[in-house]
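Source file: model07.tsv (TSV, C-alpha atoms)
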chain	number	residue	atom	x	y	z
A	1	MET	CA	133.72	237.58	59.58
A	2	VAL	CA	134.73	241.20	60.29
A	3	GLN	CA	136.90	241.56	63.37
A	4	VAL	CA	137.89	244.60	65.43
A	5	GLU	CA	141.49	244.34	64.23
A	6	ILE	CA	140.35	245.55	60.81
A	7	LEU	CA	140.09	249.04	62.28
A	8	SER	CA	143.88	249.25	62.10
A	9	GLU	CA	143.56	249.36	58.28
A	10	PHE	CA	141.64	252.65	58.44
A	11	LYS	CA	144.72	254.81	58.88
A	12	ASP	CA	142.89	258.12	58.50
A	13	LEU	CA	140.93	257.42	61.71
A	14	CYS	CA	144.19	257.73	63.71
A	15	LEU	CA	143.05	255.19	66.30
A	16	GLU	CA	145.26	254.59	69.33
A	17	LEU	CA	144.72	251.34	71.22
A	18	LEU	CA	144.82	251.92	74.98
A	19	VAL	CA	143.75	248.58	76.47
A	20	GLY	CA	142.09	245.34	75.41
A	21	GLU	CA	144.56	244.06	72.84
A	22	GLU	CA	143.41	240.54	73.66
A	23	GLY	CA	139.97	241.36	72.25
A	24	LEU	CA	141.01	242.46	68.76
A	25	ASP	CA	139.53	239.23	67.41
A	26	ARG	CA	136.04	240.24	68.58
A	27	GLU	CA	133.46	240.22	65.79
A	28	ILE	CA	131.90	243.38	64.38
A	29	LYS	CA	128.38	242.38	63.36
A	30	SER	CA	127.04	245.70	62.10
A	31	ALA	CA	128.21	248.89	60.42
A	32	ASP	CA	125.87	250.89	62.65
A	33	LEU	CA	127.40	252.79	65.56
A	34	ASN	CA	126.10	253.77	68.99
A	35	ARG	CA	126.64	256.72	71.31
A	36	PRO	CA	125.82	255.41	74.81
A	37	GLY	CA	124.48	258.67	76.21
A	38	LEU	CA	121.50	256.93	77.80
A	39	GLU	CA	123.45	253.85	78.86
A	40	VAL	CA	125.99	255.72	81.01
A	41	THR	CA	123.04	257.08	83.02
A	42	GLY	CA	121.68	253.56	83.55
A	43	CYS	CA	119.01	253.32	80.80
A	44	PHE	CA	119.65	250.20	78.70
A	45	ASP	CA	116.20	249.90	77.11
A	46	PHE	CA	117.56	250.71	73.63
A	47	PHE	CA	121.09	249.42	74.03
A	48	ASP	CA	122.51	247.45	71.08
A	49	ALA	CA	125.56	245.47	72.17
A	50	GLU	CA	126.42	244.49	68.56
A	51	ARG	CA	127.44	248.06	67.69
A	52	ILE	CA	130.76	249.80	68.24
A	53	GLN	CA	130.33	252.23	71.14
A	54	ILE	CA	131.43	255.83	70.49
A	55	PHE	CA	132.14	257.97	73.55
A	56	GLY	CA	132.08	261.69	72.78
A	57	GLY	CA	132.56	264.72	74.97
A	58	GLY	CA	129.16	264.40	76.64
A	59	GLU	CA	129.61	260.80	77.76
A	60	ILE	CA	133.16	261.42	78.98
A	61	LEU	CA	132.10	264.54	80.93
A	62	PHE	CA	129.34	262.58	82.65
A	63	LEU	CA	131.76	259.83	83.71
A	64	GLU	CA	134.30	262.38	84.93
A	65	LYS	CA	131.68	263.94	87.19
A	66	TYR	CA	129.83	260.83	88.33
A	67	GLY	CA	132.20	257.96	87.46
A	68	SER	CA	133.11	257.44	91.08
A	69	GLY	CA	129.50	256.72	91.95
A	70	GLU	CA	128.18	253.18	92.18
A	71	ALA	CA	125.45	253.78	89.57
A	72	ALA	CA	127.87	255.04	86.91
A	73	GLN	CA	130.34	252.25	87.60
A	74	ALA	CA	127.54	249.68	87.37
A	75	SER	CA	126.47	251.12	83.98
A	76	VAL	CA	130.02	250.92	82.60
A	77	GLU	CA	130.43	247.39	83.96
A	78	ARG	CA	127.15	246.29	82.40
A	79	MET	CA	128.10	247.81	79.04
A	80	PHE	CA	131.58	246.26	78.89
A	81	SER	CA	130.27	242.85	79.97
A	82	SER	CA	127.68	242.81	77.15
A	83	ASN	CA	130.11	241.46	74.54
A	84	ILE	CA	130.40	244.78	72.68
A	85	PRO	CA	132.97	244.82	69.84
A	86	CYS	CA	135.00	247.77	71.10
A	87	VAL	CA	134.91	251.34	72.40
A	88	ILE	CA	136.24	254.49	70.72
A	89	VAL	CA	136.77	257.75	72.59
A	90	THR	CA	136.81	260.85	70.37
A	91	ASN	CA	138.22	264.40	70.60
A	92	ASP	CA	141.40	263.04	72.21
A	93	GLU	CA	139.56	263.01	75.55
A	94	LYS	CA	141.19	261.53	78.62
A	95	VAL	CA	139.67	258.10	79.15
A	96	PRO	CA	138.16	257.72	82.66
A	97	GLU	CA	139.85	255.12	84.82
A	98	VAL	CA	136.58	253.22	85.23
A	99	MET	CA	136.55	252.56	81.46
A	100	VAL	CA	140.20	251.56	81.37
A	101	GLU	CA	139.68	249.02	84.17
A	102	ALA	CA	136.50	247.64	82.58
A	103	GLY	CA	138.25	247.29	79.21
A	104	ARG	CA	141.20	245.51	80.78
A	105	HIS	CA	139.00	243.20	82.87
A	106	HIS	CA	136.64	242.18	80.04
A	107	GLN	CA	139.31	242.33	77.30
A	108	VAL	CA	137.34	244.93	75.34
A	109	PRO	CA	139.52	247.05	73.03
A	110	VAL	CA	139.40	250.74	73.96
A	111	PHE	CA	140.62	253.16	71.29
A	112	ARG	CA	141.18	256.90	71.32
A	113	THR	CA	141.28	259.34	68.41
A	114	ALA	CA	141.73	263.08	67.98
A	115	MET	CA	138.88	263.20	65.43
A	116	SER	CA	135.62	264.86	66.37
A	117	THR	CA	132.67	262.62	67.12
A	118	THR	CA	130.73	263.73	64.03
A	119	ARG	CA	133.64	263.19	61.64
A	120	LEU	CA	134.51	259.80	63.15
A	121	TYR	CA	130.88	258.68	63.00
A	122	LYS	CA	130.65	259.49	59.29
A	123	ARG	CA	134.03	258.16	58.26
A	124	LEU	CA	133.87	254.95	60.29
A	125	PHE	CA	130.41	254.11	58.97
A	126	GLU	CA	131.61	254.63	55.39
A	127	CYS	CA	134.54	252.29	56.01
A	128	LEU	CA	132.44	249.55	57.62
A	129	GLU	CA	129.48	249.83	55.25
A	130	ARG	CA	131.38	248.09	52.45
A	131	TYR	CA	131.75	244.95	54.60
A	132	PHE	CA	128.04	244.68	55.37
A	133	SER	CA	126.34	245.94	52.19
A	134	PRO	CA	124.71	243.55	49.65
A	135	THR	CA	127.08	242.48	46.88
A	136	THR	CA	126.81	240.48	43.68
A	137	LEU	CA	128.92	239.42	40.70
A	138	LEU	CA	127.64	239.97	37.15
A	139	HIS	CA	128.96	238.93	33.76
A	140	GLY	CA	129.68	242.07	31.77
A	141	SER	CA	131.98	245.04	31.29
A	142	LEU	CA	131.94	248.34	33.18
A	143	VAL	CA	133.22	251.47	31.45
A	144	ASP	CA	133.52	255.09	32.59
A	145	ILE	CA	132.21	257.25	29.74
A	146	LEU	CA	132.50	260.97	30.45
A	147	GLY	CA	131.84	260.36	34.13
A	148	MET	CA	128.93	257.99	33.48
A	149	GLY	CA	129.38	254.44	34.73
A	150	VAL	CA	128.00	252.25	31.92
A	151	LEU	CA	127.51	248.52	32.56
A	152	LEU	CA	127.61	246.53	29.32
A	153	MET	CA	125.73	243.25	29.48
A	154	GLY	CA	124.79	240.52	27.03
A	155	ASP	CA	125.43	236.93	26.05
A	156	SER	CA	128.98	235.63	25.81
A	157	GLY	CA	130.57	236.53	22.49
A	158	VAL	CA	128.18	239.37	21.66
A	159	GLY	CA	131.00	241.94	21.69
A	160	LYS	CA	131.06	243.53	25.14
A	161	SER	CA	134.84	243.44	25.53
A	162	GLU	CA	135.45	244.66	21.97
A	163	CYS	CA	133.06	247.55	22.58
A	164	ALA	CA	134.82	248.41	25.85
A	165	LEU	CA	138.22	248.28	24.10
A	166	GLU	CA	137.04	250.67	21.39
A	167	LEU	CA	135.74	253.06	24.05
A	168	VAL	CA	139.09	252.97	25.86
A	169	SER	CA	140.88	253.78	22.60
A	170	ARG	CA	138.66	256.91	22.41
A	171	GLY	CA	139.85	258.12	25.80
A	172	HIS	CA	137.33	256.54	28.15
A	173	SER	CA	138.28	254.25	31.06
A	174	LEU	CA	137.76	250.56	31.79
A	175	VAL	CA	136.66	249.59	35.29
A	176	ALA	CA	136.02	245.87	34.89
A	177	ASP	CA	135.78	243.28	32.16
A	178	ASP	CA	134.09	239.89	32.12
A	179	VAL	CA	133.30	239.91	35.88
A	180	VAL	CA	131.92	243.01	37.61
A	181	ARG	CA	131.70	243.11	41.39
A	182	ILE	CA	128.78	245.31	42.48
A	183	ILE	CA	128.11	246.59	45.98
A	184	CYS	CA	125.00	248.50	47.07
A	185	LEU	CA	125.86	251.48	49.28
A	186	GLY	CA	123.21	253.38	51.18
A	187	GLU	CA	120.47	251.22	49.62
A	188	ARG	CA	120.48	253.35	46.44
A	189	VAL	CA	124.03	253.64	45.04
A	190	LEU	CA	125.64	250.79	43.08
A	191	GLN	CA	129.43	250.81	43.05
A	192	GLY	CA	131.16	248.59	40.51
A	193	SER	CA	134.73	247.30	40.54
A	194	SER	CA	136.84	244.46	39.22
A	195	PRO	CA	137.98	241.46	41.25
A	196	HIS	CA	141.61	242.01	42.22
A	197	LEU	CA	142.91	239.19	40.00
A	198	LEU	CA	141.25	240.61	36.86
A	199	ARG	CA	141.91	244.32	37.48
A	200	HIS	CA	143.21	246.21	34.38
A	201	TYR	CA	142.94	243.11	32.18
A	202	ILE	CA	140.61	242.58	29.23
A	203	GLU	CA	140.08	239.54	27.02
A	204	VAL	CA	139.82	240.15	23.28
A	205	ARG	CA	138.99	237.22	21.04
A	206	GLY	CA	141.86	236.70	18.63
A	207	LEU	CA	144.34	238.61	20.80
A	208	GLY	CA	143.91	237.01	24.19
A	209	ILE	CA	144.35	238.80	27.50
A	210	VAL	CA	145.94	242.25	27.50
A	211	ASP	CA	146.76	244.77	30.24
A	212	LEU	CA	145.18	248.11	29.32
A	213	SER	CA	147.12	250.04	31.96
A	214	LYS	CA	150.35	249.11	30.15
A	215	LEU	CA	148.95	249.57	26.64
A	216	TYR	CA	147.17	252.91	27.13
A	217	GLY	CA	148.51	254.19	30.45
A	218	ILE	CA	147.03	254.36	33.93
A	219	ARG	CA	144.35	256.86	32.82
A	220	ALA	CA	142.75	254.11	30.73
A	221	VAL	CA	141.63	252.20	33.84
A	222	ARG	CA	139.75	252.96	37.03
A	223	ARG	CA	139.61	251.10	40.31
A	224	GLU	CA	135.86	251.54	40.82
A	225	LYS	CA	132.93	253.58	39.52
A	226	GLN	CA	129.32	254.24	40.42
A	227	ILE	CA	127.00	252.51	37.94
A	228	ASP	CA	124.65	255.02	36.30
A	229	MET	CA	123.06	252.96	33.50
A	230	VAL	CA	122.91	249.51	31.94
A	231	ILE	CA	123.20	248.76	28.22
A	232	THR	CA	122.40	245.27	26.98
A	233	LEU	CA	123.91	244.13	23.68
A	234	GLU	CA	121.97	241.41	21.89
A	235	ASP	CA	122.24	239.72	18.50
A	236	TRP	CA	120.01	241.20	15.83
A	237	LYS	CA	116.93	239.12	15.00
A	238	PRO	CA	114.09	239.97	12.61
A	239	ASP	CA	111.54	239.86	15.43
A	240	THR	CA	113.71	241.93	17.82
A	241	HIS	CA	111.85	244.92	19.25
A	242	VAL	CA	113.96	248.01	18.63
A	243	GLU	CA	113.33	251.32	20.38
A	244	ARG	CA	112.77	253.99	17.70
A	245	LEU	CA	111.62	257.03	19.66
A	246	GLY	CA	113.03	256.76	23.18
A	247	LEU	CA	109.98	258.23	24.90
A	248	ASP	CA	109.56	255.42	27.40
A	249	GLN	CA	112.42	254.91	29.85
A	250	GLN	CA	113.27	251.28	30.55
A	251	TYR	CA	114.91	250.15	33.79
A	252	TYR	CA	117.14	247.30	34.93
A	253	THR	CA	117.12	246.24	38.59
A	254	ILE	CA	120.30	245.22	40.41
A	255	LEU	CA	120.25	244.55	44.17
A	256	GLY	CA	116.90	246.33	44.40
A	257	VAL	CA	118.15	249.51	42.68
A	258	GLU	CA	116.60	250.56	39.37
A	259	LEU	CA	118.96	251.84	36.68
A	260	PRO	CA	118.19	253.36	33.25
A	261	HIS	CA	118.41	250.59	30.65
A	262	LEU	CA	118.95	250.47	26.90
A	263	THR	CA	118.92	247.46	24.58
A	264	ILE	CA	121.11	247.75	21.47
A	265	PRO	CA	120.83	245.14	18.69
A	266	VAL	CA	124.20	244.04	17.32
A	267	LYS	CA	124.68	243.27	13.63
A	268	PRO	CA	127.47	243.77	11.04
A	269	GLY	CA	127.90	247.37	9.99
A	270	ARG	CA	126.68	248.98	13.22
A	271	ASN	CA	129.26	250.95	15.18
A	272	ILE	CA	128.26	249.74	18.63
A	273	SER	CA	130.85	251.73	20.57
A	274	THR	CA	129.59	254.98	19.01
A	275	ILE	CA	125.98	254.10	19.86
A	276	VAL	CA	126.98	253.25	23.44
A	277	GLU	CA	128.83	256.55	23.81
A	278	VAL	CA	125.86	258.48	22.43
A	279	GLY	CA	123.58	256.61	24.82
A	280	ALA	CA	125.78	257.66	27.76
A	281	ARG	CA	125.86	261.28	26.56
A	282	ASP	CA	122.08	261.30	26.15
A	283	GLN	CA	121.61	259.92	29.67
A	284	ARG	CA	123.81	262.73	31.02
A	285	LEU	CA	121.53	265.23	29.30
A	286	LYS	CA	118.48	263.57	30.84
A	287	LEU	CA	120.02	263.97	34.30
A	288	LEU	CA	120.35	267.67	33.50
A	289	GLY	CA	116.68	267.86	32.49
A	290	VAL	CA	117.19	267.71	28.72
A	291	HIS	CA	115.14	264.91	27.09
A	292	SER	CA	115.60	265.03	23.32
A	293	ALA	CA	112.82	262.57	22.44
A	294	GLN	CA	110.27	264.32	24.65
A	295	ASP	CA	111.30	267.73	23.32
A	296	PHE	CA	110.85	266.52	19.75
A	297	ASN	CA	107.48	264.97	20.62
A	298	LYS	CA	106.26	268.26	22.13
A	299	ARG	CA	107.32	270.16	19.00
A	300	LEU	CA	105.59	267.61	16.79
A	301	LEU	CA	102.37	267.81	18.79
A	302	LYS	CA	102.46	271.59	18.71
A	303	VAL	CA	102.86	271.67	14.92
A	304	THR	CA	100.19	269.05	14.20
A	305	LYS	CA	97.64	270.54	16.60
A	306	PRO	CA	94.68	272.11	14.69
A	307	SER	CA	95.14	275.88	14.65
A	308	ARG	CA	93.84	278.87	12.75
A	309	ASP	CA	97.30	280.34	12.78
A	310	GLU	CA	98.79	279.46	9.40
A	311	ASP	CA	102.31	280.05	10.75
A	312	ASP	CA	102.03	276.80	12.67
A	313	PHE	CA	102.10	274.91	9.36
A	314	GLU	CA	104.99	276.79	7.84
A	315	GLY	CA	107.41	274.44	6.16
A	316	LEU	CA	105.01	271.46	6.02
A	317	ASP	CA	104.29	269.73	2.70
A	318	ARG	CA	100.49	270.05	2.19
A	319	SER	CA	100.33	268.00	-1.02

Would you write out, as structure tokens, the structure that this file holds?
Amino acid sequence: MVQVEILSEFKDLCLELLVGEEGLDREIKSADLNRPGLEVTGCFDFFDAERIQIFGGGEILFLEKYGSGEAAQASVERMFSSNIPCVIVTNDEKVPEVMVEAGRHHQVPVFRTAMSTTRLYKRLFECLERYFSPTTLLHGSLVDILGMGVLLMGDSGVGKSECALELVSRGHSLVADDVVRIICLGERVLQGSSPHLLRHYIEVRGLGIVDLSKLYGIRAVRREKQIDMVITLEDWKPDTHVERLGLDQQYYTILGVELPHLTIPVKPGRNISTIVEVGARDQRLKLLGVHSAQDFNKRLLKVTKPSRDEDDFEGLDRS
């Protein structure tokens, strides 16, 4: 359960508690916020009492002008008695006495900040979103390769940790090993991190558990990283389908978000870490609009297309 007292952890919001300390244990049920511009005028048709109420300059100006009236006082009373989590006044505005009294009477925390309404809205939503977004735990390793978050997946013992260790030795960074915590932000961005207990550690069969931040320095690890692609390592089998051209993009779905996906067969003699790094580099090129397989296919089709121009066949073996 997320309580109002968690707002004290967001130091950059510079929140000052004015009244309602008794209500800091109130539950915050949503990351969404509300500006009660309609409510202070008496219209509660669209009022959502589960949201934190943000009072900007417009709402405060209205209450300063009409707060002494019965209608405005009734609106504030109705709002504060609706079990709202808390109230935040922005722009370092002076809080009207009617709000102070309502907050004290109903034990609703009333905060004030010098931040503008727009900046507070954005920053507070970003802070709260992590507590209400879908999350999951996956077995795998997450590595930052040249700015690309690559999630390595596969059966236990296939070589995910060894591959991640080799990538770290080449200058890339480990985000998580064995257990990857994934959170979906904004319904389209997957952010991966390591559970606190496992952070910076990696298990290597034959060596045991080692701390990469102490072995390679703090640059060898990252706290979190957006996941940009998934690579599955699987044992080589004679009937394994292996992608040879790369024309068709495969996808892997996590928490409803589709990510580019590659499957790499593992067998003795293959340098898996090099293949993974090349796969990450190639995906970066695709994001920039450069698709090597499609470019080659277009060149091939152009050369093999029937043409009266003999130059098209220059360099081809006609025997």

Closest to Gly56 in chain A among A:Ala71, A:Ala220, A:Leu233, A:Val95, using all atoms listed in the file?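 Among the listed residues, the smallest separation from Gly56 in chain A belongs to A:Val95.
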
Judged by all atoms listed in the file, the minimum distance to Gly279 in chain A among A:Cys14, A:Ala74, A:Ile231, A:Leu245 is found for A:Ile231

Which polymer residues, protein or nucleic acid, are no farther than 9 Å from (130.8, 243.9, 64.7), counting only C-alpha atoms, as an MDAnalysis selection string? chainID A and resid 1:4 26:32 50:52 84:86

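Relative to CA of Ala102 in chain A, CA of Gly67 in chain A is found at 12.2 Å.
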
With a distance cut-off of 8 Å and all atoms listed in the file, select the neighbouring residues of range 190-194 of chain A, excluding the residue or stretch itself and same-chain residues fewer than 6 positions from it, and output the selection as number ranges by chain. A: 142, 175-177, 179-184, 223-227, 257

Exercise: range 234-237 of chain A partners within 7 Å, all atoms listed in the file, chain neighbours under 6 positions left out, as a count of residues only: 6

Please measure the separation of CA of Thr41 in chain A and CA of Ser82 in chain A, giving the value in Å to one decimal.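 For CA of Thr41 in chain A relative to CA of Ser82 in chain A, the distance reads 16.1 Å.
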
CA of Val98 in chain A and CA of Ala72 in chain A, how far apart in Å?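 Separating CA of Ala72 in chain A from CA of Val98 in chain A is a distance of 9.1 Å.
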
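Here the question is which of A:Leu18, A:His106, A:Phe132, A:Thr117 gets nearest to Lys94 in chain A using all atoms listed in the file, and that residue is A:Leu18.
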
Return the single residue from A:Arg188, A:Leu212, A:Cys163, A:Thr232 that is closest to Arg270 in chain A, with distances computed using only C-alpha atoms.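 Of the candidates, the smallest distance to Arg270 in chain A is held by A:Cys163.
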
Rank A:Gly159, A:Val143, A:Gly58, A:Val19 by their smallest atom-to-atom distance to Met99 in chain A, using only C-alpha atoms, and report the top residue only.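 For Met99 in chain A, the nearest of the given residues is A:Val19.
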
Check the smallest atom-to-atom distance from each of A:Asn297, A:Ser68, A:Thr253, A:Gly206 to Glu162 in chain A using only C-alpha atoms, then report the winner.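 Closest residue, counting only C-alpha atoms: A:Gly206.
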
Tell me which protein, DNA and RNA residues are within 6 Å of His172 in chain A, counting all atoms listed in the file, leaving out same-chain ones fewer than 3 positions away, and put them as a PyMOL selection string. chain A and resi 145+167-168
